[in-house]
>>> print(open('final20.csv').read())   # CSV, C-alpha atoms
chain,number,residue,atom,x,y,z
A,1,MET,CA,-7.3,137.6,-6.8
A,2,SER,CA,-5.4,135.3,-4.4
A,3,LYS,CA,-1.6,135.8,-4.9
A,4,LEU,CA,-1.1,132.0,-5.0
A,5,LEU,CA,-3.6,131.7,-7.8
A,6,GLU,CA,-2.2,134.7,-9.6
A,7,ASN,CA,1.3,133.2,-9.3
A,8,ALA,CA,0.4,129.8,-10.5
A,9,THR,CA,-1.5,131.3,-13.4
A,10,ASN,CA,1.4,133.5,-14.4
A,11,GLU,CA,3.8,130.6,-14.3
A,12,LEU,CA,1.5,128.3,-16.4
A,13,GLN,CA,1.1,131.1,-18.9
A,14,ARG,CA,4.8,130.9,-19.8
A,15,LEU,CA,4.2,127.5,-21.4
A,16,PRO,CA,3.7,127.5,-25.2
A,17,GLY,CA,0.1,127.6,-26.4
A,18,ILE,CA,-1.3,128.5,-23.0
A,19,GLY,CA,-2.9,131.8,-22.7
A,20,ARG,CA,-4.4,133.6,-19.7
A,21,ARG,CA,-7.8,131.8,-19.8
A,22,THR,CA,-6.3,128.3,-20.2
A,23,ALA,CA,-3.7,129.0,-17.5
A,24,LEU,CA,-6.5,130.1,-15.1
A,25,ARG,CA,-8.6,127.0,-16.0
A,26,LEU,CA,-5.6,124.7,-15.3
A,27,ALA,CA,-4.9,126.5,-12.0
A,28,MET,CA,-8.5,126.0,-11.0
A,29,HIS,CA,-8.2,122.4,-11.9
A,30,ILE,CA,-5.1,122.0,-9.8
A,31,LEU,CA,-6.9,123.3,-6.8
A,32,LYS,CA,-9.3,120.4,-7.1
A,33,MET,CA,-6.6,117.7,-7.6
A,34,GLU,CA,-5.4,115.5,-4.9
A,35,PRO,CA,-2.4,117.1,-3.2
A,36,ASP,CA,-0.3,114.0,-3.9
A,37,THR,CA,-1.1,114.2,-7.6
A,38,VAL,CA,0.0,117.9,-7.7
A,39,ASP,CA,3.2,116.9,-5.9
A,40,SER,CA,4.0,114.2,-8.4
A,41,LEU,CA,3.3,116.6,-11.3
A,42,SER,CA,5.6,119.2,-9.9
A,43,THR,CA,8.3,116.8,-9.1
A,44,SER,CA,8.2,115.2,-12.5
A,45,LEU,CA,8.7,118.6,-14.1
A,46,GLN,CA,11.6,119.5,-11.9
A,47,ARG,CA,13.3,116.1,-12.3
A,48,LEU,CA,12.8,116.2,-16.0
A,49,ARG,CA,14.6,119.5,-16.2
A,50,HIS,CA,17.4,118.8,-13.6
A,51,ASP,CA,18.1,115.1,-14.1
A,52,ILE,CA,17.8,114.7,-17.9
A,53,ARG,CA,21.0,113.7,-19.7
A,54,TYR,CA,22.0,113.4,-23.3
A,55,CYS,CA,23.1,110.0,-24.8
A,56,ARG,CA,26.8,110.2,-25.4
A,57,SER,CA,26.4,108.2,-28.6
A,58,CYS,CA,23.4,109.7,-30.3
A,59,ASN,CA,22.5,112.9,-28.3
A,60,ASN,CA,19.0,111.6,-27.6
A,61,LEU,CA,17.4,112.5,-24.3
A,62,SER,CA,18.4,109.9,-21.8
A,63,ASP,CA,18.3,108.9,-18.1
A,64,SER,CA,21.8,107.5,-18.2
A,65,GLU,CA,25.0,107.5,-20.3
A,66,LEU,CA,23.4,105.6,-23.2
A,67,CYS,CA,19.8,106.1,-24.3
A,68,PRO,CA,17.4,103.1,-24.3
A,69,ILE,CA,17.8,102.9,-28.1
A,70,CYS,CA,21.6,102.9,-28.2
A,71,SER,CA,21.7,100.3,-25.4
A,72,ASP,CA,19.1,98.0,-27.0
A,73,PRO,CA,21.0,95.0,-28.5
A,74,LYS,CA,18.1,94.4,-30.9
A,75,ARG,CA,18.6,97.7,-32.7
A,76,ASP,CA,20.5,97.6,-36.0
A,77,ARG,CA,23.7,99.6,-35.3
A,78,SER,CA,24.7,99.6,-39.0
A,79,VAL,CA,21.9,102.1,-39.9
A,80,VAL,CA,21.8,105.6,-38.4
A,81,CYS,CA,18.9,108.0,-39.0
A,82,VAL,CA,19.9,111.7,-38.6
A,83,VAL,CA,17.2,114.0,-37.1
A,84,GLU,CA,17.1,117.6,-36.0
A,85,GLN,CA,15.5,117.0,-32.6
A,86,VAL,CA,14.2,114.5,-30.2
A,87,GLY,CA,10.6,115.1,-31.2
A,88,ASP,CA,11.4,113.9,-34.7
A,89,LEU,CA,13.0,110.8,-33.3
A,90,LEU,CA,9.9,110.1,-31.2
A,91,SER,CA,7.7,110.5,-34.3
A,92,ILE,CA,9.7,107.9,-36.2
A,93,GLU,CA,9.8,105.6,-33.2
A,94,ASN,CA,6.0,105.8,-33.0
A,95,THR,CA,5.7,104.2,-36.5
A,96,GLY,CA,7.3,101.1,-35.0
A,97,GLN,CA,8.8,100.5,-38.4
A,98,TYR,CA,12.4,101.6,-37.9
A,99,ARG,CA,14.9,99.2,-36.3
A,100,GLY,CA,18.1,101.2,-36.8
A,101,THR,CA,19.6,103.8,-34.4
A,102,TYR,CA,19.5,107.6,-34.5
A,103,HIS,CA,21.6,110.6,-34.3
A,104,VAL,CA,20.1,113.8,-32.9
A,105,LEU,CA,21.8,116.9,-34.3
A,106,GLY,CA,20.2,119.2,-31.8
A,107,GLY,CA,19.0,121.7,-34.4
A,108,VAL,CA,19.8,122.9,-37.9
A,109,ILE,CA,22.3,125.4,-39.2
A,110,SER,CA,20.8,128.9,-38.9
A,111,PRO,CA,23.0,131.9,-39.4
A,112,MET,CA,20.0,134.1,-38.5
A,113,GLN,CA,19.8,132.5,-35.0
A,114,GLY,CA,23.6,132.3,-34.8
A,115,ILE,CA,23.6,128.5,-35.0
A,116,GLY,CA,26.7,127.2,-36.9
A,117,PRO,CA,27.8,123.6,-37.7
A,118,SER,CA,29.9,123.5,-34.5
A,119,ASP,CA,26.8,124.0,-32.4
A,120,LEU,CA,25.3,120.8,-33.8
A,121,LYS,CA,26.5,117.2,-32.9
A,122,ILE,CA,28.0,116.7,-36.4
A,123,ASP,CA,31.5,115.8,-35.1
A,124,LEU,CA,30.0,113.2,-32.9
A,125,LEU,CA,28.3,111.6,-35.9
A,126,CYS,CA,31.6,111.6,-37.8
A,127,ASP,CA,33.4,110.0,-34.9
A,128,LYS,CA,30.8,107.2,-35.0
A,129,LEU,CA,31.3,106.7,-38.7
A,130,LEU,CA,35.1,106.4,-38.2
A,131,THR,CA,34.4,103.1,-36.3
A,132,GLY,CA,33.4,101.6,-39.7
A,133,GLU,CA,30.3,99.9,-38.1
A,134,ILE,CA,27.8,102.1,-40.0
A,135,ARG,CA,26.6,101.1,-43.4
A,136,GLU,CA,23.9,103.6,-44.1
A,137,VAL,CA,23.1,107.2,-43.0
A,138,ILE,CA,19.4,108.2,-43.5
A,139,ILE,CA,19.0,112.0,-43.3
A,140,ALA,CA,15.6,112.9,-42.0
A,141,ILE,CA,15.7,116.7,-41.5
A,142,SER,CA,13.1,119.2,-42.5
A,143,THR,CA,13.0,120.8,-46.0
A,144,SER,CA,13.2,124.4,-44.7
A,145,VAL,CA,16.0,126.7,-45.9
A,146,GLU,CA,17.9,125.9,-42.7
A,147,GLY,CA,17.3,122.2,-43.2
A,148,GLU,CA,18.5,122.2,-46.7
A,149,THR,CA,21.6,124.2,-45.7
A,150,THR,CA,22.3,121.5,-43.0
A,151,LEU,CA,21.7,118.7,-45.5
A,152,PHE,CA,24.3,120.2,-47.9
A,153,TYR,CA,26.8,120.7,-45.1
A,154,LEU,CA,26.3,117.1,-43.9
A,155,LEU,CA,26.6,115.7,-47.4
A,156,ASN,CA,30.0,117.5,-47.7
A,157,ARG,CA,31.2,116.1,-44.4
A,158,LEU,CA,30.0,112.6,-45.4
A,159,LYS,CA,32.2,112.7,-48.5
A,160,ALA,CA,35.0,111.6,-46.1
A,161,PHE,CA,33.2,108.2,-45.8
A,162,PRO,CA,32.7,107.0,-49.4
A,163,ASP,CA,31.7,103.5,-48.4
A,164,VAL,CA,28.7,104.7,-46.4
A,165,LYS,CA,25.4,104.8,-48.2
A,166,VAL,CA,23.6,108.1,-47.7
A,167,SER,CA,19.8,108.6,-48.2
A,168,THR,CA,17.1,111.0,-47.4
A,169,ILE,CA,13.5,110.2,-46.5
A,170,ALA,CA,11.0,110.4,-49.4
A,171,ARG,CA,9.1,113.6,-50.0
A,172,GLY,CA,5.7,113.4,-51.5
A,173,ILE,CA,2.0,113.7,-50.8
A,174,GLY,CA,1.1,112.5,-47.3
A,175,PHE,CA,-1.6,109.9,-46.8
A,176,GLY,CA,-4.9,111.6,-46.3
A,177,ASP,CA,-3.6,114.9,-47.7
A,178,GLU,CA,-5.9,116.5,-50.3
A,179,LEU,CA,-3.9,117.4,-53.5
A,180,GLU,CA,-5.9,120.7,-53.6
A,181,TYR,CA,-4.3,121.9,-50.4
A,182,VAL,CA,-0.8,120.6,-50.9
A,183,ASP,CA,1.9,123.2,-51.6
A,184,GLU,CA,3.5,123.4,-55.1
A,185,LEU,CA,7.0,122.4,-54.1
A,186,THR,CA,5.7,119.1,-52.6
A,187,ILE,CA,3.6,118.4,-55.7
A,188,THR,CA,6.6,119.1,-57.9
A,189,HIS,CA,8.8,116.7,-55.9
A,190,ALA,CA,6.0,114.1,-55.9
A,191,LEU,CA,5.8,114.4,-59.7
A,192,ILE,CA,9.6,114.2,-60.2
A,193,ASN,CA,9.8,111.2,-57.9
A,194,ARG,CA,6.8,109.4,-59.4
A,195,ARG,CA,6.9,105.6,-59.3
A,196,GLU,CA,6.0,103.4,-62.2
A,197,ILE,CA,3.3,100.9,-61.5
A,198,ALA,CA,4.1,97.4,-62.7
A,199,ARG,CA,1.6,96.3,-65.4
A,200,ASP,CA,1.3,92.7,-66.3
B,1,MET,CA,11.7,107.0,-24.5
B,2,SER,CA,13.6,108.5,-21.5
B,3,LYS,CA,11.7,107.6,-18.2
B,4,LEU,CA,11.9,111.2,-17.0
B,5,LEU,CA,10.3,112.5,-20.2
B,6,GLU,CA,7.7,109.7,-20.1
B,7,ASN,CA,6.8,110.5,-16.5
B,8,ALA,CA,6.5,114.3,-17.1
B,9,THR,CA,4.4,113.7,-20.2
B,10,ASN,CA,2.1,111.3,-18.3
B,11,GLU,CA,1.7,113.8,-15.4
B,12,LEU,CA,1.0,116.7,-17.8
B,13,GLN,CA,-1.6,114.6,-19.6
B,14,ARG,CA,-3.8,114.4,-16.4
B,15,LEU,CA,-4.5,118.1,-16.9
B,16,PRO,CA,-7.8,119.0,-18.6
B,17,GLY,CA,-7.7,119.6,-22.3
B,18,ILE,CA,-4.1,118.3,-22.6
B,19,GLY,CA,-3.7,115.2,-24.7
B,20,ARG,CA,-0.6,113.1,-25.4
B,21,ARG,CA,0.8,115.3,-28.1
B,22,THR,CA,0.4,118.6,-26.2
B,23,ALA,CA,1.8,117.0,-23.1
B,24,LEU,CA,4.9,115.9,-25.0
B,25,ARG,CA,5.2,119.3,-26.6
B,26,LEU,CA,5.0,121.0,-23.1
B,27,ALA,CA,7.6,118.5,-21.7
B,28,MET,CA,10.0,119.3,-24.6
B,29,HIS,CA,9.5,123.0,-24.0
B,30,ILE,CA,10.3,122.5,-20.3
B,31,LEU,CA,13.6,120.8,-21.2
B,32,LYS,CA,14.6,124.1,-22.9
B,33,MET,CA,13.5,126.4,-20.1
B,34,GLU,CA,15.9,127.8,-17.5
B,35,PRO,CA,16.1,125.5,-14.5
B,36,ASP,CA,15.0,128.3,-12.3
B,37,THR,CA,11.9,129.0,-14.3
B,38,VAL,CA,11.0,125.3,-14.1
B,39,ASP,CA,11.5,125.4,-10.3
B,40,SER,CA,9.3,128.4,-9.9
B,41,LEU,CA,6.6,126.9,-12.0
B,42,SER,CA,6.7,123.7,-10.0
B,43,THR,CA,6.8,125.5,-6.7
B,44,SER,CA,3.9,127.8,-7.6
B,45,LEU,CA,1.7,124.7,-8.4
B,46,GLN,CA,2.6,123.0,-5.2
B,47,ARG,CA,2.1,126.1,-3.1
B,48,LEU,CA,-1.2,126.8,-4.8
B,49,ARG,CA,-2.5,123.4,-3.9
B,50,HIS,CA,-1.1,123.2,-0.4
B,51,ASP,CA,-1.3,126.8,0.9
B,52,ILE,CA,-4.6,128.0,-0.5
B,53,ARG,CA,-7.3,128.9,2.0
B,54,TYR,CA,-10.9,129.9,1.7
B,55,CYS,CA,-12.1,133.3,2.9
B,56,ARG,CA,-14.1,132.8,6.1
B,57,SER,CA,-16.6,135.5,5.1
B,58,CYS,CA,-17.3,134.7,1.4
B,59,ASN,CA,-15.6,131.4,0.6
B,60,ASN,CA,-13.5,133.0,-2.1
B,61,LEU,CA,-10.0,131.6,-2.7
B,62,SER,CA,-7.6,133.4,-0.4
B,63,ASP,CA,-4.1,133.6,0.9
B,64,SER,CA,-5.3,134.5,4.4
B,65,GLU,CA,-8.4,134.5,6.7
B,66,LEU,CA,-10.2,137.2,4.6
B,67,CYS,CA,-9.9,137.4,0.8
B,68,PRO,CA,-8.6,140.6,-0.8
B,69,ILE,CA,-12.2,141.6,-1.7
B,70,CYS,CA,-13.7,141.2,1.8
B,71,SER,CA,-10.7,143.0,3.4
B,72,ASP,CA,-10.9,145.9,0.9
B,73,PRO,CA,-12.4,148.9,2.8
B,74,LYS,CA,-13.5,150.4,-0.6
B,75,ARG,CA,-15.9,147.6,-1.4
B,76,ASP,CA,-19.6,148.1,-0.7
B,77,ARG,CA,-20.5,145.6,2.0
B,78,SER,CA,-24.2,146.2,1.6
B,79,VAL,CA,-24.4,144.3,-1.7
B,80,VAL,CA,-23.5,140.6,-2.0
B,81,CYS,CA,-23.3,138.8,-5.3
B,82,VAL,CA,-23.9,135.1,-5.0
B,83,VAL,CA,-21.9,132.9,-7.5
B,84,GLU,CA,-21.4,129.2,-7.9
B,85,GLN,CA,-17.6,129.2,-8.1
B,86,VAL,CA,-14.5,131.3,-8.0
B,87,GLY,CA,-14.2,131.4,-11.8
B,88,ASP,CA,-17.5,133.2,-12.0
B,89,LEU,CA,-16.3,135.7,-9.4
B,90,LEU,CA,-13.2,136.4,-11.5
B,91,SER,CA,-15.3,136.9,-14.6
B,92,ILE,CA,-17.4,139.5,-12.8
B,93,GLU,CA,-14.3,141.2,-11.3
B,94,ASN,CA,-12.8,141.4,-14.8
B,95,THR,CA,-15.6,143.7,-15.9
B,96,GLY,CA,-14.3,146.2,-13.3
B,97,GLN,CA,-18.0,147.4,-12.9
B,98,TYR,CA,-19.0,145.7,-9.6
B,99,ARG,CA,-18.0,147.3,-6.3
B,100,GLY,CA,-19.9,145.1,-3.9
B,101,THR,CA,-18.8,141.9,-2.3
B,102,TYR,CA,-19.3,138.2,-3.2
B,103,HIS,CA,-20.5,135.0,-1.8
B,104,VAL,CA,-19.1,131.8,-3.4
B,105,LEU,CA,-21.5,128.8,-2.9
B,106,GLY,CA,-18.9,126.3,-4.0
B,107,GLY,CA,-21.2,124.6,-6.5
B,108,VAL,CA,-24.9,124.1,-7.2
B,109,ILE,CA,-27.5,121.6,-5.7
B,110,SER,CA,-27.2,118.4,-7.8
B,111,PRO,CA,-28.9,115.3,-6.5
B,112,MET,CA,-27.3,113.4,-9.4
B,113,GLN,CA,-23.8,114.2,-8.1
B,114,GLY,CA,-24.9,113.9,-4.5
B,115,ILE,CA,-24.6,117.6,-3.7
B,116,GLY,CA,-27.2,118.9,-1.3
B,117,PRO,CA,-27.8,122.3,0.1
B,118,SER,CA,-25.7,121.5,3.2
B,119,ASP,CA,-22.7,120.9,0.9
B,120,LEU,CA,-22.9,124.6,-0.2
B,121,LYS,CA,-22.0,127.6,1.8
B,122,ILE,CA,-25.6,128.7,2.2
B,123,ASP,CA,-25.6,128.8,6.0
B,124,LEU,CA,-22.6,131.1,5.9
B,125,LEU,CA,-24.5,133.5,3.6
B,126,CYS,CA,-27.5,133.5,6.0
B,127,ASP,CA,-25.2,134.2,9.0
B,128,LYS,CA,-23.9,137.2,7.1
B,129,LEU,CA,-27.5,138.4,6.4
B,130,LEU,CA,-28.3,138.1,10.1
B,131,THR,CA,-25.8,141.0,10.8
B,132,GLY,CA,-28.3,143.3,9.1
B,133,GLU,CA,-25.5,145.0,7.1
B,134,ILE,CA,-26.6,143.6,3.7
B,135,ARG,CA,-29.2,145.5,1.7
B,136,GLU,CA,-29.2,143.5,-1.6
B,137,VAL,CA,-28.4,140.0,-2.7
B,138,ILE,CA,-27.7,139.6,-6.4
B,139,ILE,CA,-27.9,136.0,-7.5
B,140,ALA,CA,-25.6,135.2,-10.4
B,141,ILE,CA,-25.8,131.4,-10.8
B,142,SER,CA,-26.2,129.5,-14.1
B,143,THR,CA,-29.5,128.8,-15.7
B,144,SER,CA,-28.9,125.0,-15.8
B,145,VAL,CA,-31.5,122.7,-14.1
B,146,GLU,CA,-29.2,122.5,-11.1
B,147,GLY,CA,-28.7,126.3,-11.1
B,148,GLU,CA,-32.5,126.9,-11.1
B,149,THR,CA,-33.0,124.3,-8.3
B,150,THR,CA,-30.4,126.2,-6.3
B,151,LEU,CA,-32.0,129.5,-7.1
B,152,PHE,CA,-35.4,128.3,-5.8
B,153,TYR,CA,-33.8,126.9,-2.7
B,154,LEU,CA,-32.0,130.1,-2.0
B,155,LEU,CA,-35.1,132.3,-2.6
B,156,ASN,CA,-36.9,130.1,0.0
B,157,ARG,CA,-34.1,130.6,2.5
B,158,LEU,CA,-34.0,134.3,1.8
B,159,LYS,CA,-37.7,134.7,2.8
B,160,ALA,CA,-36.3,134.8,6.4
B,161,PHE,CA,-34.9,138.2,5.4
B,162,PRO,CA,-37.8,140.2,4.0
B,163,ASP,CA,-36.0,143.6,4.2
B,164,VAL,CA,-33.2,142.4,1.9
B,165,LYS,CA,-33.7,143.1,-1.8
B,166,VAL,CA,-33.1,140.0,-4.0
B,167,SER,CA,-32.2,140.2,-7.7
B,168,THR,CA,-30.8,138.0,-10.4
B,169,ILE,CA,-28.6,139.1,-13.2
B,170,ALA,CA,-30.3,139.9,-16.5
B,171,ARG,CA,-30.7,137.2,-19.1
B,172,GLY,CA,-30.7,138.2,-22.8
B,173,ILE,CA,-28.8,138.2,-26.0
B,174,GLY,CA,-25.1,138.7,-25.4
B,175,PHE,CA,-23.3,141.5,-27.2
B,176,GLY,CA,-21.9,140.2,-30.5
B,177,ASP,CA,-24.1,137.1,-30.4
B,178,GLU,CA,-26.0,136.5,-33.7
B,179,LEU,CA,-29.7,136.0,-33.1
B,180,GLU,CA,-29.6,133.2,-35.7
B,181,TYR,CA,-27.5,131.1,-33.4
B,182,VAL,CA,-29.0,132.0,-30.0
B,183,ASP,CA,-31.1,129.2,-28.3
B,184,GLU,CA,-34.9,129.6,-28.1
B,185,LEU,CA,-35.0,129.9,-24.3
B,186,THR,CA,-32.7,132.8,-24.3
B,187,ILE,CA,-34.6,134.5,-27.1
B,188,THR,CA,-37.9,133.9,-25.2
B,189,HIS,CA,-36.5,135.5,-22.1
B,190,ALA,CA,-35.0,138.4,-24.1
B,191,LEU,CA,-38.5,139.0,-25.6
B,192,ILE,CA,-40.3,138.8,-22.3
B,193,ASN,CA,-37.8,141.1,-20.6
B,194,ARG,CA,-37.7,143.6,-23.5
B,195,ARG,CA,-37.1,147.3,-22.6
B,196,GLU,CA,-39.1,150.2,-23.9
B,197,ILE,CA,-37.0,152.8,-25.7
B,198,ALA,CA,-37.8,156.3,-24.7
B,199,ARG,CA,-39.2,158.3,-27.7
B,200,ASP,CA,-39.3,162.1,-27.5
>>> encode(input="final20.csv", output="structure tokens")
Amino acid sequence: MSKLLENATNELQRLPGIGRRTALRLAMHILKMEPDTVDSLSTSLQRLRHDIRYCRSCNNLSDSELCPICSDPKRDRSVVCVVEQVGDLLSIENTGQYRGTYHVLGGVISPMQGIGPSDLKIDLLCDKLLTGEIREVIIAISTSVEGETTLFYLLNRLKAFPDVKVSTIARGIGFGDELEYVDELTITHALINRREIARD
Amino acid sequence: MSKLLENATNELQRLPGIGRRTALRLAMHILKMEPDTVDSLSTSLQRLRHDIRYCRSCNNLSDSELCPICSDPKRDRSVVCVVEQVGDLLSIENTGQYRGTYHVLGGVISPMQGIGPSDLKIDLLCDKLLTGEIREVIIAISTSVEGETTLFYLLNRLKAFPDVKVSTIARGIGFGDELEYVDELTITHALINRREIARD
């Protein structure tokens, strides 16, 4: 095989979810693309990796000091939603329903992977709370063992701010999920947190 | 969303089989990769597109004038396997069973897509046959309508070389295919081309 093709295939294969066959198919497609399109693809990947910055207020990915959300005057600065990673922030943004700001921890506490509280942006969150501007902290981190550990640690740290309301997003059966295939823990939580239907 | 992330996601989405979600997942992964790895990925794609050449003997992808197969003294130059595209060549190479050379047509005759015989490397094949070195031509093109058209056109051109043996690869039931799910045309061919089992 051509060394150039071999090389490109090997490099593409390092990406997650891309095996040998897919990498080869992508490489063959790239051969048929306009040279300019290939250049702009390549450049966008390099620029993404080299030029990206993290918002100094919320740790979101950003092109400048403050991310587009933190610098948007229309966002409600009194509510902060704490998420593990930028992907979670994007999922919430996609709903178009949330008008507050975020705080990206950059992971969860995981002794197995050597990630302790000091590796996460928890101090940055507390610094923001010290300004007194924030009224509510919504914690939206996963229900994994690591997520729960992080939740308890956060709740402990948030005790220093008794005037700030703290909430977590609701757990329950997702829309479109079939009860038959939902795990027991989710069903248990959904039962405990059942809502009464007003009858009149 | 960060413009850099948005850009990279849009560019990745142009690749075949990569939707918005996958593009975003890949971009997020790229953010976590070593900068050097991202550079070598980018560079390999650009070099693939800009520096690739086509073998002047067989039209295979190549890094130089002659592809690795045509310049390999151990390959049998008296047998040529005609394929549509480089992907087909790679599939045959992967079997490790073929020791002859190839000829890549670069497509099939398709009036619908405006591809005529002159758009394919058929003259180049005939030029090679004129040297008298080639003993057999194996035609390994697909059984689509366009493939069959191309086959008939090729057979016609090959009439000019009556001493050259011409064959096509066998059609039949693939190993592991369940008869229940094989199409009728394949079963018909498999029946017609049945092989007697020696009984002694």
>>> residues_around(input="final20.csv", residues="segment 36-38 of chain B", least_positions_apart="4", cutoff="9 Å", atoms="all atoms listed in the file", output="list in words")
Glu11, Leu45, Gln46 and Arg49 of chain A; Ile30, Leu31, Ser42 and Thr43 of chain B
>>> closest_atom_pairs(input="final20.csv", of="chain A", to="chain B", cutoff="7 Å", atoms="only C-alpha atoms", output="tab-separated table")
residue	atom	partner	partner_atom	distance
A:Met1	CA	B:Pro68	CA	6.8
A:Ser2	CA	B:Ser62	CA	4.9
A:Lys3	CA	B:Asp63	CA	6.7
A:Leu4	CA	B:Leu48	CA	5.2
A:Leu5	CA	B:Leu48	CA	6.2
A:Asn7	CA	B:Ser44	CA	6.2
A:Ala8	CA	B:Ser44	CA	5.0
A:Glu11	CA	B:Leu41	CA	5.2
A:Leu12	CA	B:Leu41	CA	6.9
A:Leu15	CA	B:Leu26	CA	6.8
A:Pro16	CA	B:Leu26	CA	7.0
A:Leu26	CA	B:Leu15	CA	6.9
A:Ile30	CA	B:Arg49	CA	6.6
A:Leu31	CA	B:Arg49	CA	5.3
A:Pro35	CA	B:Arg49	CA	6.3
A:Val38	CA	B:Gln46	CA	6.2
A:Asp39	CA	B:Gln46	CA	6.2
A:Leu41	CA	B:Glu11	CA	5.2
A:Ser42	CA	B:Ser42	CA	4.6
A:Ser44	CA	B:Ala8	CA	5.0
A:Leu45	CA	B:Ala8	CA	5.7
A:Gln46	CA	B:Asp39	CA	6.1
A:Arg47	CA	B:Leu4	CA	6.9
A:Leu48	CA	B:Leu4	CA	5.2
A:Arg49	CA	B:Leu31	CA	5.3
A:His50	CA	B:Pro35	CA	6.9
A:Ile52	CA	B:Leu4	CA	6.9
A:Leu61	CA	B:Ser2	CA	6.2
A:Ser62	CA	B:Ser2	CA	5.0
A:Asp63	CA	B:Ser2	CA	5.8
A:Pro68	CA	B:Met1	CA	6.9
>>> residues_around(input="final20.csv", residues="Lys165 of chain B", least_positions_apart="5", cutoff="7 Å", atoms="all atoms listed in the file", output="list in words")
Arg135, Glu136 and Val137 of chain B
>>> residues_around(input="final20.csv", residues="segment 141-147 of chain A", least_positions_apart="4", cutoff="7 Å", atoms="only C-alpha atoms", output="PyMOL selection string")
chain A and resi 83-84+108-110+151
>>> atom_distance(input="final20.csv", atom1="atom CA of Asp127 of chain B", atom2="atom CA of Gly106 of chain B")
16.5 Å
>>> residues_around(input="final20.csv", residues="Arg157 of chain A", least_positions_apart="6", cutoff="10 Å", atoms="all atoms listed in the file", output="list of chain:residue names")
A:Ile122, A:Asp123, A:Cys126, A:Leu151
>>> residues_around(input="final20.csv", residues="Tyr102 of chain A", least_positions_apart="4", cutoff="7 Å", atoms="all atoms listed in the file", output="PyMOL selection string")
chain A and resi 58+80-82
>>> atom_distance(input="final20.csv", atom1="atom CA of Thr150 of chain B", atom2="atom CA of Pro117 of chain B")
7.9 Å
>>> atom_distance(input="final20.csv", atom1="atom CA of Thr101 of chain A", atom2="atom CA of Glu148 of chain A")
22.2 Å
>>> build_atoms(input="final20.csv", residues="segment 21-33 of chain A", atoms="N, CA and C atoms", output="short mmCIF file (atom, residue, chain, number, x, y, z; two decimals), keeping the file's coordinate frame")
data_model
loop_
_atom_site.label_atom_id
_atom_site.label_comp_id
_atom_site.auth_asym_id
_atom_site.auth_seq_id
_atom_site.Cartn_x
_atom_site.Cartn_y
_atom_site.Cartn_z
N ARG A 21 -6.56 132.56 -20.16
CA ARG A 21 -7.80 131.80 -19.80
C ARG A 21 -7.46 130.36 -19.50
N THR A 22 -6.63 129.74 -20.37
CA THR A 22 -6.30 128.30 -20.20
C THR A 22 -5.47 128.17 -18.91
N ALA A 23 -4.54 129.09 -18.67
CA ALA A 23 -3.70 129.00 -17.50
C ALA A 23 -4.59 129.06 -16.22
N LEU A 24 -5.58 129.94 -16.24
CA LEU A 24 -6.50 130.10 -15.10
C LEU A 24 -7.30 128.79 -14.92
N ARG A 25 -7.76 128.23 -16.05
CA ARG A 25 -8.60 127.00 -16.00
C ARG A 25 -7.71 125.87 -15.42
N LEU A 26 -6.43 125.79 -15.83
CA LEU A 26 -5.60 124.70 -15.30
C LEU A 26 -5.32 124.93 -13.82
N ALA A 27 -5.10 126.19 -13.42
CA ALA A 27 -4.90 126.50 -12.00
C ALA A 27 -6.07 126.09 -11.17
N MET A 28 -7.27 126.39 -11.68
CA MET A 28 -8.50 126.00 -11.00
C MET A 28 -8.62 124.53 -10.84
N HIS A 29 -8.19 123.83 -11.90
CA HIS A 29 -8.20 122.40 -11.90
C HIS A 29 -7.25 121.82 -10.84
N ILE A 30 -6.08 122.43 -10.78
CA ILE A 30 -5.10 122.00 -9.80
C ILE A 30 -5.55 122.10 -8.40
N LEU A 31 -6.35 123.13 -8.15
CA LEU A 31 -6.90 123.30 -6.80
C LEU A 31 -7.81 122.15 -6.40
N LYS A 32 -8.40 121.49 -7.41
CA LYS A 32 -9.30 120.40 -7.10
C LYS A 32 -8.62 119.03 -7.12
N MET A 33 -7.35 119.01 -7.56
CA MET A 33 -6.60 117.70 -7.60
C MET A 33 -6.18 117.30 -6.24
#
